[in-house]
$ cat entry-v7.txt   # compact mmCIF, C-alpha atoms and all ligand atoms
# COMPACT_ATOMS: atom_id res chain seq x y z
CA MET A 1 10.95 -11.84 20.73
CA THR A 2 13.92 -13.86 19.53
CA ARG A 3 14.45 -13.68 15.78
CA ARG A 4 13.47 -16.91 14.07
CA LYS A 5 15.71 -18.86 11.77
CA GLN A 6 15.38 -17.84 8.14
CA ILE A 7 14.54 -20.75 5.85
CA TYR A 8 14.28 -19.01 2.49
CA GLU A 9 14.31 -15.55 0.98
CA GLY A 10 12.46 -14.89 -2.27
CA LYS A 11 11.85 -11.73 -4.27
CA ALA A 12 8.84 -10.51 -2.31
CA LYS A 13 8.72 -12.75 0.76
CA VAL A 14 10.88 -14.36 3.45
CA LEU A 15 10.10 -17.65 5.18
CA PHE A 16 11.12 -18.21 8.79
CA GLU A 17 10.93 -21.26 10.98
CA GLY A 18 7.50 -21.38 12.66
CA PRO A 19 6.68 -21.66 16.37
CA GLU A 20 5.70 -25.34 16.06
CA PRO A 21 7.00 -28.14 13.86
CA GLY A 22 5.24 -28.19 10.50
CA THR A 23 4.65 -24.43 10.50
CA LEU A 24 6.48 -21.48 8.94
CA VAL A 25 6.18 -17.73 9.23
CA GLN A 26 5.71 -15.95 5.89
CA TYR A 27 6.97 -12.33 5.90
CA PHE A 28 5.82 -9.96 3.13
CA LYS A 29 8.45 -7.47 1.92
CA ASP A 30 7.93 -4.19 0.05
CA ASP A 31 10.40 -5.32 -2.63
CA ALA A 32 9.10 -5.83 -6.14
CA SER A 33 10.69 -7.37 -9.19
CA ALA A 34 9.58 -7.90 -12.76
CA ASN A 35 10.82 -9.25 -16.10
CA ASN A 36 12.66 -12.13 -14.46
CA ASN A 37 14.43 -9.84 -11.98
CA GLN A 38 15.63 -7.31 -14.58
CA LYS A 39 13.49 -4.60 -12.98
CA LYS A 40 13.63 -4.14 -9.22
CA GLY A 41 12.08 -1.64 -6.87
CA THR A 42 10.31 -0.99 -3.62
CA ILE A 43 6.62 -0.26 -3.24
CA THR A 44 6.12 1.27 0.19
CA GLY A 45 3.42 -0.54 2.14
CA LYS A 46 3.01 -3.34 -0.43
CA GLY A 47 4.00 -6.07 2.04
CA VAL A 48 1.40 -4.94 4.57
CA LEU A 49 -1.34 -4.84 1.92
CA ASN A 50 -0.41 -8.19 0.35
CA ASN A 51 -0.34 -9.84 3.78
CA ARG A 52 -3.91 -8.62 4.40
CA ILE A 53 -5.22 -9.32 0.90
CA SER A 54 -3.74 -12.83 0.80
CA GLU A 55 -5.08 -13.54 4.30
CA TYR A 56 -8.55 -12.44 3.19
CA LEU A 57 -8.60 -14.43 -0.05
CA MET A 58 -7.11 -17.60 1.47
CA THR A 59 -9.60 -17.42 4.36
CA LYS A 60 -12.53 -17.06 1.95
CA LEU A 61 -11.22 -19.98 -0.13
CA GLY A 62 -10.87 -22.04 3.06
CA GLU A 63 -14.53 -21.29 3.83
CA ILE A 64 -15.63 -22.93 0.56
CA GLY A 65 -13.45 -25.97 1.24
CA VAL A 66 -10.29 -25.19 -0.71
CA PRO A 67 -7.37 -26.44 1.41
CA THR A 68 -4.71 -23.74 1.89
CA HIS A 69 -1.48 -23.29 3.83
CA PHE A 70 -2.82 -20.21 5.63
CA VAL A 71 -3.24 -20.61 9.40
CA ARG A 72 -3.51 -17.06 10.76
CA ARG A 73 -2.09 -13.59 10.39
CA LEU A 74 0.45 -12.77 13.09
CA ASN A 75 1.05 -9.05 12.53
CA MET A 76 1.23 -6.38 9.82
CA ARG A 77 3.70 -8.26 7.65
CA GLU A 78 3.67 -11.86 8.85
CA GLN A 79 1.36 -14.84 8.68
CA LEU A 80 1.61 -18.33 10.10
CA ILE A 81 1.43 -21.00 7.40
CA ARG A 82 1.61 -24.79 7.13
CA GLU A 83 4.92 -26.09 5.87
CA VAL A 84 4.58 -27.82 2.51
CA GLU A 85 6.83 -29.35 -0.10
CA ILE A 86 6.39 -26.86 -2.91
CA ILE A 87 5.52 -28.33 -6.31
CA PRO A 88 7.92 -26.52 -8.69
CA LEU A 89 5.17 -25.16 -10.94
CA GLU A 90 3.46 -21.84 -11.45
CA ILE A 91 -0.16 -22.47 -12.33
CA ILE A 92 -1.50 -19.62 -14.43
CA VAL A 93 -5.26 -19.30 -14.86
CA ARG A 94 -6.48 -16.90 -17.53
CA ASN A 95 -9.90 -15.45 -18.27
CA VAL A 96 -8.89 -12.53 -20.50
CA ALA A 97 -5.80 -12.27 -22.72
CA ALA A 98 -2.97 -10.17 -21.27
CA GLY A 99 0.78 -10.38 -20.72
CA SER A 100 2.63 -13.39 -22.08
CA ILE A 101 -0.35 -15.10 -23.79
CA SER A 102 -1.03 -11.93 -25.81
CA LYS A 103 2.62 -11.80 -26.91
CA ARG A 104 2.95 -15.53 -27.54
CA LEU A 105 -0.26 -16.01 -29.51
CA GLY A 106 -0.85 -12.50 -30.83
CA ILE A 107 -4.18 -12.11 -29.04
CA PRO A 108 -4.91 -8.43 -28.32
CA GLU A 109 -4.80 -7.61 -24.61
CA GLY A 110 -8.32 -7.48 -23.19
CA THR A 111 -9.80 -10.18 -25.44
CA THR A 112 -12.10 -12.45 -23.43
CA LEU A 113 -10.88 -16.04 -23.84
CA PRO A 114 -13.33 -18.68 -25.15
CA ARG A 115 -13.02 -20.39 -21.77
CA SER A 116 -10.73 -20.22 -18.75
CA ILE A 117 -7.30 -21.53 -19.68
CA VAL A 118 -4.82 -23.15 -17.28
CA GLU A 119 -1.11 -22.99 -18.12
CA PHE A 120 1.98 -24.30 -16.35
CA CYS A 121 5.44 -22.81 -15.95
CA TYR A 122 8.39 -24.61 -14.41
CA LYS A 123 9.68 -22.68 -11.39
CA ALA A 124 13.33 -22.07 -12.27
CA ASP A 125 14.58 -18.48 -12.07
CA GLU A 126 17.77 -19.27 -13.97
CA LEU A 127 15.64 -20.43 -16.93
CA GLY A 128 13.08 -17.62 -16.63
CA ASP A 129 10.24 -19.92 -15.46
CA PRO A 130 9.68 -21.61 -18.85
CA PHE A 131 6.26 -22.62 -20.13
CA VAL A 132 5.83 -26.42 -19.83
CA SER A 133 3.19 -28.98 -20.75
CA GLU A 134 1.54 -31.74 -18.70
CA GLU A 135 3.85 -34.16 -20.54
CA HIS A 136 6.95 -32.43 -19.15
CA ILE A 137 5.46 -32.26 -15.66
CA THR A 138 4.65 -35.96 -15.41
CA ALA A 139 7.66 -37.21 -17.40
CA PHE A 140 10.13 -35.30 -15.21
CA GLY A 141 8.20 -36.21 -12.06
CA TRP A 142 7.45 -32.65 -10.91
CA ALA A 143 3.90 -33.88 -10.17
CA THR A 144 2.07 -37.15 -10.74
CA PRO A 145 -0.93 -37.29 -13.10
CA GLN A 146 -3.22 -37.59 -10.04
CA GLU A 147 -1.61 -34.55 -8.40
CA LEU A 148 -1.94 -32.61 -11.63
CA ASP A 149 -5.66 -33.48 -11.89
CA GLU A 150 -6.15 -32.23 -8.33
CA ILE A 151 -4.18 -29.05 -9.05
CA MET A 152 -6.23 -28.36 -12.22
CA SER A 153 -9.59 -28.89 -10.52
CA LEU A 154 -8.62 -26.80 -7.47
CA SER A 155 -7.31 -24.03 -9.75
CA LEU A 156 -10.56 -23.85 -11.73
CA ARG A 157 -12.62 -23.82 -8.52
CA ILE A 158 -10.44 -21.04 -7.15
CA ASN A 159 -10.87 -19.13 -10.42
CA ASP A 160 -14.68 -19.41 -10.37
CA PHE A 161 -14.82 -18.28 -6.77
CA LEU A 162 -12.36 -15.40 -7.12
CA CYS A 163 -13.97 -14.15 -10.38
CA GLY A 164 -17.27 -13.76 -8.51
CA LEU A 165 -15.69 -12.29 -5.42
CA PHE A 166 -13.76 -9.64 -7.37
CA LEU A 167 -16.67 -8.87 -9.72
CA GLY A 168 -18.76 -8.12 -6.63
CA VAL A 169 -16.38 -5.25 -5.83
CA GLY A 170 -16.10 -3.96 -9.41
CA ILE A 171 -12.89 -5.76 -10.39
CA ARG A 172 -12.28 -8.13 -13.33
CA LEU A 173 -9.96 -11.03 -12.59
CA ILE A 174 -7.96 -11.15 -15.83
CA ASP A 175 -5.45 -13.83 -14.83
CA PHE A 176 -3.46 -15.02 -11.83
CA LYS A 177 -0.72 -17.35 -10.67
CA LEU A 178 -1.04 -20.07 -8.05
CA GLU A 179 1.43 -22.39 -6.34
CA PHE A 180 0.57 -25.65 -4.63
CA GLY A 181 2.41 -27.86 -2.18
CA ARG A 182 2.30 -31.32 -0.67
CA TYR A 183 1.14 -31.19 2.93
CA TYR A 184 1.81 -34.16 5.21
CA ASN A 185 -0.49 -34.45 8.24
CA GLN A 186 0.40 -36.11 11.60
CA ASN A 187 -0.36 -39.54 10.12
CA ASP A 188 1.95 -38.73 7.21
CA GLU A 189 -0.97 -38.65 4.79
CA MET A 190 -0.31 -36.32 1.87
CA SER A 191 -2.71 -33.81 0.39
CA ILE A 192 -2.30 -31.04 -2.17
CA ILE A 193 -2.94 -27.60 -0.70
CA LEU A 194 -2.79 -24.05 -2.01
CA ALA A 195 0.42 -22.27 -0.96
CA ASP A 196 2.31 -19.00 -1.59
CA GLU A 197 0.06 -15.93 -1.86
CA ILE A 198 -2.81 -14.44 -3.83
CA SER A 199 -2.39 -10.68 -4.15
CA PRO A 200 -2.10 -7.90 -6.74
CA ASP A 201 1.52 -9.13 -7.17
CA SER A 202 0.24 -12.42 -8.58
CA CYS A 203 -3.05 -11.38 -10.24
CA ARG A 204 -4.10 -9.05 -13.03
CA LEU A 205 -7.02 -7.01 -11.72
CA TRP A 206 -8.81 -4.42 -13.88
CA ASP A 207 -11.49 -1.98 -12.84
CA VAL A 208 -14.79 -3.16 -14.38
CA ARG A 209 -15.82 0.28 -15.61
CA THR A 210 -12.54 1.88 -16.70
CA ASN A 211 -10.28 -1.18 -17.26
CA ASP A 212 -7.66 0.62 -15.12
CA LYS A 213 -4.97 -1.76 -13.94
CA MET A 214 -4.98 -2.37 -10.17
CA ASP A 215 -2.04 -4.78 -9.95
CA LYS A 216 1.70 -5.29 -10.48
CA ASP A 217 1.44 -4.29 -14.15
CA ARG A 218 1.47 -0.68 -12.82
CA PHE A 219 5.02 -1.42 -11.58
CA ARG A 220 6.03 -3.53 -14.61
CA LYS A 221 4.90 -0.81 -17.04
CA ASP A 222 5.90 2.23 -14.92
CA LEU A 223 2.31 3.47 -14.76
CA GLY A 224 2.73 4.99 -11.26
CA GLY A 225 0.25 4.82 -8.40
CA VAL A 226 1.24 1.24 -7.55
CA ALA A 227 0.71 1.37 -3.78
CA GLU A 228 -2.53 3.34 -4.28
CA ALA A 229 -3.85 0.63 -6.62
CA TYR A 230 -3.07 -2.15 -4.12
CA GLN A 231 -4.73 -0.07 -1.41
CA GLU A 232 -7.81 0.39 -3.59
CA VAL A 233 -8.08 -3.40 -4.03
CA ALA A 234 -7.89 -3.85 -0.24
CA GLN A 235 -10.48 -1.12 0.35
CA ARG A 236 -12.91 -2.57 -2.18
CA LEU A 237 -12.58 -5.98 -0.57
CA GLY A 238 -13.54 -4.27 2.70
CA ILE A 239 -10.21 -5.03 4.35
CA LEU A 240 -9.20 -1.40 4.87
CA PRO A 241 -11.41 1.54 5.82
CA GLU A 242 -11.90 4.24 3.17
CA SER A 243 -9.21 6.47 4.64
CA GLY A 244 -6.41 3.87 4.52
CA PRO A 245 -4.21 1.94 6.88
CA ARG A 246 -2.85 4.86 8.92
CA ASP A 247 -6.34 5.97 9.90
CA MET A 248 -7.63 2.64 11.11
CA PRO A 249 -10.01 3.30 13.98
CA GLY A 250 -8.94 1.82 17.29
CA PRO A 251 -10.98 -0.95 18.93
CA LYS A 252 -14.53 0.11 19.88
CA VAL A 253 -15.31 0.14 23.59
CA MET A 254 -18.28 -2.15 24.19
CA GLN A 255 -20.81 -0.93 26.76
N1 LIG B 301 2.69 -14.15 -12.54
C1 LIG B 301 3.27 -14.19 -11.29
N2 LIG B 301 4.57 -14.57 -11.17
C2 LIG B 301 5.32 -14.92 -12.23
C3 LIG B 301 4.73 -14.90 -13.51
C4 LIG B 301 3.41 -14.51 -13.63
O1 LIG B 301 2.62 -13.90 -10.29
O2 LIG B 301 6.50 -15.28 -12.06
C5 LIG B 301 1.27 -13.76 -12.68
C6 LIG B 301 1.14 -12.39 -13.33
O3 LIG B 301 1.05 -11.38 -12.34
C7 LIG B 301 -0.15 -12.51 -14.08
C8 LIG B 301 -0.25 -13.99 -14.44
O4 LIG B 301 0.64 -14.66 -13.55
O5 LIG B 301 -1.24 -12.18 -13.25
C9 LIG B 301 0.12 -14.31 -15.87
O6 LIG B 301 1.39 -13.77 -16.15
P1 LIG B 301 2.01 -13.84 -17.62
O7 LIG B 301 2.27 -15.27 -17.97
O8 LIG B 301 1.15 -13.08 -18.55
O9 LIG B 301 3.43 -13.23 -17.48
P2 LIG B 301 3.96 -11.74 -17.55
O10 LIG B 301 3.28 -11.07 -18.67
O11 LIG B 301 3.61 -11.17 -16.19
O12 LIG B 301 5.43 -11.95 -17.73
$ encode --input "entry-v7.txt" --output "structure tokens"
Amino acid sequence: MTRRKQIYEGKAKVLFEGPEPGTLVQYFKDDASANNNQKKGTITGKGVLNNRISEYLMTKLGEIGVPTHFVRRLNMREQLIREVEIIPLEIIVRNVAAGSISKRLGIPEGTTLPRSIVEFCYKADELGDPFVSEEHITAFGWATPQELDEIMSLSLRINDFLCGLFLGVGIRLIDFKLEFGRYYNQNDEMSIILADEISPDSCRLWDVRTNDKMDKDRFRKDLGGVAEAYQEVAQRLGILPESGPRDMPGPKVMQ
């Protein structure tokens, strides 16, 4: 296969030109970064697991009517996606205090929030993705008020759905980050769709019984067992068999 043209390389993913106009190929790397790129490392097998986990979650969200960029998985590390114009915002949805909200507001980590809270950060690495308000977003034209309403309501729907889905497999969805994009169909009509990825890189996931972290905080805080935690998330979701990716049974011969 001829190597496709690279469009963009981020910290954990690479985007290539897709096979048809309006599509891209999203490649998941094993690279990990934290603290605005101050900490870097490799988590062996992470890209393969995140490709599968994000495929699974985006497919499930698609089934309940949430529009996403996911088209289909191509192989172990790549998925075909719809090309969108990325809205330069990180949408953070929180159910339980952890990470930056605990630091900023002095709320002990693990405190259940009075209700789900949506926050926005402006996507700008050189500025460290600063926290911004709806006022900044609309005044600077990063998104219109209508787009922001759509983003908020989709984000809360996604949160409700994912909370239930994860709880069903013994995992608490503490918080997560979403990105949205503008998708233009053949008639040039625009809609807001979910983009990027949903994986243990972008979510905080705690075991319901033990509160053990099953996400990128294991890397951020040097807790060890990072790949194992990602694998456990995949196994609980039923994506991987108990014994892990190397022991996947081959296709069954149908009589
Ligand atoms: N997050 C992310 N990418 C970022 C920043 C945050 O995926 O650039 C996710 C993070 O994994 C967590 C949630 O968003 O699930 C909230 O992160 P927080 O604002 O607490 O920032 P952190 O403590 O990770 O710096």
$ residues_around --input "entry-v7.txt" --residues "A:Leu74" --least-positions-apart "4" --cutoff "12 Å" --atoms "all atoms listed in the file" --output "list in words"
Gly18, Pro19, Leu24, Val25, Gln26, Tyr27, Phe28, Val48, Asn51, Arg52, Glu55, Phe70, Glu78, Gln79, Leu80 and Ile81 of chain A
$ closest_atom_pairs --input "entry-v7.txt" --of "stretch 87-199 of chain A" --to "stretch 208-232 of chain A" --cutoff "12 Å" --atoms "all atoms listed in the file" --output "CSV"
residue,atom,partner,partner_atom,distance
A:Val96,CA,A:Asn211,CA,11.9
A:Ala98,CA,A:Asp217,CA,10.2
A:Gly99,CA,A:Asp217,CA,9.0
A:Glu109,CA,A:Asn211,CA,11.2
A:Gly110,CA,A:Asn211,CA,8.9
A:Cys163,CA,A:Val208,CA,11.7
A:Phe166,CA,A:Val208,CA,9.6
A:Leu167,CA,A:Val208,CA,7.6
A:Gly168,CA,A:Val208,CA,10.0
A:Val169,CA,A:Val208,CA,8.9
A:Gly170,CA,A:Val208,CA,5.2
A:Ile171,CA,A:Val208,CA,5.1
A:Arg172,CA,A:Val208,CA,5.7
A:Leu173,CA,A:Val208,CA,9.4
A:Ile174,CA,A:Lys213,CA,10.0
A:Asp175,CA,A:Asp215,CA,10.8
A:Phe176,CA,A:Asp215,CA,10.5
A:Ile198,CA,A:Asp215,CA,11.5
A:Ser199,CA,A:Asp215,CA,8.3
$ residues_near_ligand --input "entry-v7.txt" --ligand "ligand LIG 301 (chain B)" --cutoff "9 Å" --atoms "all atoms listed in the file" --output "PDB file with C-alpha atoms, in the frame of the given file"
ATOM      1  CA  ALA A  34       9.580  -7.900 -12.760  1.00  0.00           C
ATOM      2  CA  ASN A  35      10.820  -9.250 -16.100  1.00  0.00           C
ATOM      3  CA  ASN A  36      12.660 -12.130 -14.460  1.00  0.00           C
ATOM      4  CA  GLU A  90       3.460 -21.840 -11.450  1.00  0.00           C
ATOM      5  CA  ILE A  91      -0.160 -22.470 -12.330  1.00  0.00           C
ATOM      6  CA  ILE A  92      -1.500 -19.620 -14.430  1.00  0.00           C
ATOM      7  CA  VAL A  93      -5.260 -19.300 -14.860  1.00  0.00           C
ATOM      8  CA  ARG A  94      -6.480 -16.900 -17.530  1.00  0.00           C
ATOM      9  CA  ALA A  97      -5.800 -12.270 -22.720  1.00  0.00           C
ATOM     10  CA  ALA A  98      -2.970 -10.170 -21.270  1.00  0.00           C
ATOM     11  CA  GLY A  99       0.780 -10.380 -20.720  1.00  0.00           C
ATOM     12  CA  SER A 100       2.630 -13.390 -22.080  1.00  0.00           C
ATOM     13  CA  ILE A 101      -0.350 -15.100 -23.790  1.00  0.00           C
ATOM     14  CA  SER A 102      -1.030 -11.930 -25.810  1.00  0.00           C
ATOM     15  CA  LYS A 103       2.620 -11.800 -26.910  1.00  0.00           C
ATOM     16  CA  GLU A 119      -1.110 -22.990 -18.120  1.00  0.00           C
ATOM     17  CA  CYS A 121       5.440 -22.810 -15.950  1.00  0.00           C
ATOM     18  CA  LYS A 123       9.680 -22.680 -11.390  1.00  0.00           C
ATOM     19  CA  ASP A 125      14.580 -18.480 -12.070  1.00  0.00           C
ATOM     20  CA  GLY A 128      13.080 -17.620 -16.630  1.00  0.00           C
ATOM     21  CA  ASP A 129      10.240 -19.920 -15.460  1.00  0.00           C
ATOM     22  CA  PHE A 131       6.260 -22.620 -20.130  1.00  0.00           C
ATOM     23  CA  LEU A 173      -9.960 -11.030 -12.590  1.00  0.00           C
ATOM     24  CA  ILE A 174      -7.960 -11.150 -15.830  1.00  0.00           C
ATOM     25  CA  ASP A 175      -5.450 -13.830 -14.830  1.00  0.00           C
ATOM     26  CA  PHE A 176      -3.460 -15.020 -11.830  1.00  0.00           C
ATOM     27  CA  LYS A 177      -0.720 -17.350 -10.670  1.00  0.00           C
ATOM     28  CA  LEU A 178      -1.040 -20.070  -8.050  1.00  0.00           C
ATOM     29  CA  ILE A 198      -2.810 -14.440  -3.830  1.00  0.00           C
ATOM     30  CA  SER A 199      -2.390 -10.680  -4.150  1.00  0.00           C
ATOM     31  CA  PRO A 200      -2.100  -7.900  -6.740  1.00  0.00           C
ATOM     32  CA  ASP A 201       1.520  -9.130  -7.170  1.00  0.00           C
ATOM     33  CA  SER A 202       0.240 -12.420  -8.580  1.00  0.00           C
ATOM     34  CA  CYS A 203      -3.050 -11.380 -10.240  1.00  0.00           C
ATOM     35  CA  ARG A 204      -4.100  -9.050 -13.030  1.00  0.00           C
ATOM     36  CA  LEU A 205      -7.020  -7.010 -11.720  1.00  0.00           C
ATOM     37  CA  ASP A 215      -2.040  -4.780  -9.950  1.00  0.00           C
ATOM     38  CA  LYS A 216       1.700  -5.290 -10.480  1.00  0.00           C
ATOM     39  CA  ASP A 217       1.440  -4.290 -14.150  1.00  0.00           C
ATOM     40  CA  ARG A 220       6.030  -3.530 -14.610  1.00  0.00           C
TER      41      ARG A 220
END
$ residues_around --input "entry-v7.txt" --residues "A:Gln146" --least-positions-apart "6" --cutoff "12 Å" --atoms "all atoms listed in the file" --output "mmCIF file with C-alpha atoms, in the coordinates of the input"
data_model
loop_
_atom_site.group_PDB
_atom_site.id
_atom_site.type_symbol
_atom_site.label_atom_id
_atom_site.label_comp_id
_atom_site.auth_asym_id
_atom_site.auth_seq_id
_atom_site.Cartn_x
_atom_site.Cartn_y
_atom_site.Cartn_z
ATOM 1 C CA GLU A 134 1.540 -31.740 -18.700
ATOM 2 C CA ILE A 137 5.460 -32.260 -15.660
ATOM 3 C CA THR A 138 4.650 -35.960 -15.410
ATOM 4 C CA MET A 152 -6.230 -28.360 -12.220
ATOM 5 C CA SER A 153 -9.590 -28.890 -10.520
ATOM 6 C CA SER A 191 -2.710 -33.810 0.390
ATOM 7 C CA ILE A 192 -2.300 -31.040 -2.170
#
$ residues_around --input "entry-v7.txt" --residues "A:Ala195" --least-positions-apart "4" --cutoff "9 Å" --atoms "only C-alpha atoms" --output "list in words"
Thr68, His69, Phe70, Ile81, Arg82, Val84, Ile86, Leu178, Glu179, Phe180 and Gly181 of chain A
$ atom_distance --input "entry-v7.txt" --atom1 "atom CA of A:His136" --atom2 "atom CA of A:Ile151"
15.4 Å
$ closest_residue --input "entry-v7.txt" --among "A:Lys13, A:Lys46, A:Arg182, A:Arg115" --to "A:Pro67" --atoms "all atoms listed in the file"
A:Arg182
$ closest_residue --input "entry-v7.txt" --among "A:Leu165, A:Pro241, A:Ala12, A:Met190" --to "A:Gly47" --atoms "all atoms listed in the file"
A:Ala12
$ atom_distance --input "entry-v7.txt" --atom1 "atom CA of A:Gly164" --atom2 "atom CA of A:Glu197"
18.7 Å
$ atom_distance --input "entry-v7.txt" --atom1 "atom CA of A:Ser133" --atom2 "atom CA of A:Phe120"
6.5 Å
$ residues_around --input "entry-v7.txt" --residues "A:Ile53" --least-positions-apart "4" --cutoff "7 Å" --atoms "only C-alpha atoms" --output "list in words"
Leu49, Leu57, Ser199 and Ala234 of chain A
$ decode --input "entry-v7.txt" --residues "stretch 194-218 of chain A" --atoms "N, CA and C atoms" --output "PDB file, in the first residue's frame"
ATOM      1  N   LEU A 194     -19.020  15.043  16.837  1.00  0.00           N
ATOM      2  CA  LEU A 194     -17.970  14.683  17.793  1.00  0.00           C
ATOM      3  C   LEU A 194     -16.736  14.216  17.018  1.00  0.00           C
ATOM      4  N   ALA A 195     -15.556  14.702  17.418  1.00  0.00           N
ATOM      5  CA  ALA A 195     -14.325  14.343  16.702  1.00  0.00           C
ATOM      6  C   ALA A 195     -13.293  13.779  17.689  1.00  0.00           C
ATOM      7  N   ASP A 196     -12.052  13.718  17.263  1.00  0.00           N
ATOM      8  CA  ASP A 196     -10.925  13.296  18.104  1.00  0.00           C
ATOM      9  C   ASP A 196     -11.086  11.857  18.598  1.00  0.00           C
ATOM     10  N   GLU A 197     -11.000  11.632  19.892  1.00  0.00           N
ATOM     11  CA  GLU A 197     -11.071  10.271  20.435  1.00  0.00           C
ATOM     12  C   GLU A 197     -11.710  10.300  21.810  1.00  0.00           C
ATOM     13  N   ILE A 198     -12.215   9.168  22.244  1.00  0.00           N
ATOM     14  CA  ILE A 198     -12.595   8.998  23.657  1.00  0.00           C
ATOM     15  C   ILE A 198     -11.878   7.734  24.115  1.00  0.00           C
ATOM     16  N   SER A 199     -10.979   7.890  25.069  1.00  0.00           N
ATOM     17  CA  SER A 199     -10.146   6.754  25.489  1.00  0.00           C
ATOM     18  C   SER A 199      -9.617   7.040  26.886  1.00  0.00           C
ATOM     19  N   PRO A 200      -8.901   6.107  27.491  1.00  0.00           N
ATOM     20  CA  PRO A 200      -8.320   6.388  28.812  1.00  0.00           C
ATOM     21  C   PRO A 200      -7.277   7.518  28.777  1.00  0.00           C
ATOM     22  N   ASP A 201      -6.865   7.956  27.582  1.00  0.00           N
ATOM     23  CA  ASP A 201      -6.004   9.142  27.481  1.00  0.00           C
ATOM     24  C   ASP A 201      -6.796  10.411  27.782  1.00  0.00           C
ATOM     25  N   SER A 202      -8.087  10.385  27.489  1.00  0.00           N
ATOM     26  CA  SER A 202      -8.884  11.616  27.569  1.00  0.00           C
ATOM     27  C   SER A 202      -9.974  11.554  28.649  1.00  0.00           C
ATOM     28  N   CYS A 203     -10.007  10.449  29.399  1.00  0.00           N
ATOM     29  CA  CYS A 203     -11.017  10.298  30.462  1.00  0.00           C
ATOM     30  C   CYS A 203     -10.310   9.983  31.787  1.00  0.00           C
ATOM     31  N   ARG A 204     -10.964  10.305  32.893  1.00  0.00           N
ATOM     32  CA  ARG A 204     -10.548   9.730  34.177  1.00  0.00           C
ATOM     33  C   ARG A 204     -11.538   8.622  34.498  1.00  0.00           C
ATOM     34  N   LEU A 205     -11.023   7.427  34.699  1.00  0.00           N
ATOM     35  CA  LEU A 205     -11.850   6.241  34.926  1.00  0.00           C
ATOM     36  C   LEU A 205     -11.368   5.571  36.204  1.00  0.00           C
ATOM     37  N   TRP A 206     -12.256   5.430  37.184  1.00  0.00           N
ATOM     38  CA  TRP A 206     -11.866   4.805  38.461  1.00  0.00           C
ATOM     39  C   TRP A 206     -12.688   3.544  38.679  1.00  0.00           C
ATOM     40  N   ASP A 207     -12.023   2.532  39.217  1.00  0.00           N
ATOM     41  CA  ASP A 207     -12.735   1.304  39.550  1.00  0.00           C
ATOM     42  C   ASP A 207     -13.792   1.615  40.622  1.00  0.00           C
ATOM     43  N   VAL A 208     -15.004   1.121  40.423  1.00  0.00           N
ATOM     44  CA  VAL A 208     -16.111   1.443  41.342  1.00  0.00           C
ATOM     45  C   VAL A 208     -15.811   0.988  42.773  1.00  0.00           C
ATOM     46  N   ARG A 209     -15.218  -0.190  42.917  1.00  0.00           N
ATOM     47  CA  ARG A 209     -15.031  -0.741  44.249  1.00  0.00           C
ATOM     48  C   ARG A 209     -13.785  -0.179  44.943  1.00  0.00           C
ATOM     49  N   THR A 210     -12.679  -0.094  44.201  1.00  0.00           N
ATOM     50  CA  THR A 210     -11.401   0.266  44.843  1.00  0.00           C
ATOM     51  C   THR A 210     -10.979   1.716  44.599  1.00  0.00           C
ATOM     52  N   ASN A 211     -11.655   2.401  43.652  1.00  0.00           N
ATOM     53  CA  ASN A 211     -11.239   3.745  43.217  1.00  0.00           C
ATOM     54  C   ASN A 211      -9.869   3.743  42.539  1.00  0.00           C
ATOM     55  N   ASP A 212      -9.351   2.573  42.155  1.00  0.00           N
ATOM     56  CA  ASP A 212      -8.078   2.517  41.420  1.00  0.00           C
ATOM     57  C   ASP A 212      -8.222   3.275  40.115  1.00  0.00           C
ATOM     58  N   LYS A 213      -7.161   4.000  39.744  1.00  0.00           N
ATOM     59  CA  LYS A 213      -7.187   4.767  38.506  1.00  0.00           C
ATOM     60  C   LYS A 213      -6.906   3.839  37.322  1.00  0.00           C
ATOM     61  N   MET A 214      -7.718   3.963  36.273  1.00  0.00           N
ATOM     62  CA  MET A 214      -7.579   3.102  35.088  1.00  0.00           C
ATOM     63  C   MET A 214      -7.417   3.987  33.849  1.00  0.00           C
ATOM     64  N   ASP A 215      -6.574   5.012  33.950  1.00  0.00           N
ATOM     65  CA  ASP A 215      -6.491   6.012  32.886  1.00  0.00           C
ATOM     66  C   ASP A 215      -5.108   6.658  32.880  1.00  0.00           C
ATOM     67  N   LYS A 216      -4.984   7.755  32.122  1.00  0.00           N
ATOM     68  CA  LYS A 216      -3.672   8.381  31.922  1.00  0.00           C
ATOM     69  C   LYS A 216      -3.078   8.961  33.194  1.00  0.00           C
ATOM     70  N   ASP A 217      -3.863   9.140  34.240  1.00  0.00           N
ATOM     71  CA  ASP A 217      -3.286   9.595  35.518  1.00  0.00           C
ATOM     72  C   ASP A 217      -2.203   8.621  36.004  1.00  0.00           C
ATOM     73  N   ARG A 218      -2.294   7.339  35.630  1.00  0.00           N
ATOM     74  CA  ARG A 218      -1.259   6.370  36.027  1.00  0.00           C
ATOM     75  C   ARG A 218       0.083   6.767  35.428  1.00  0.00           C
TER      76      ARG A 218
END
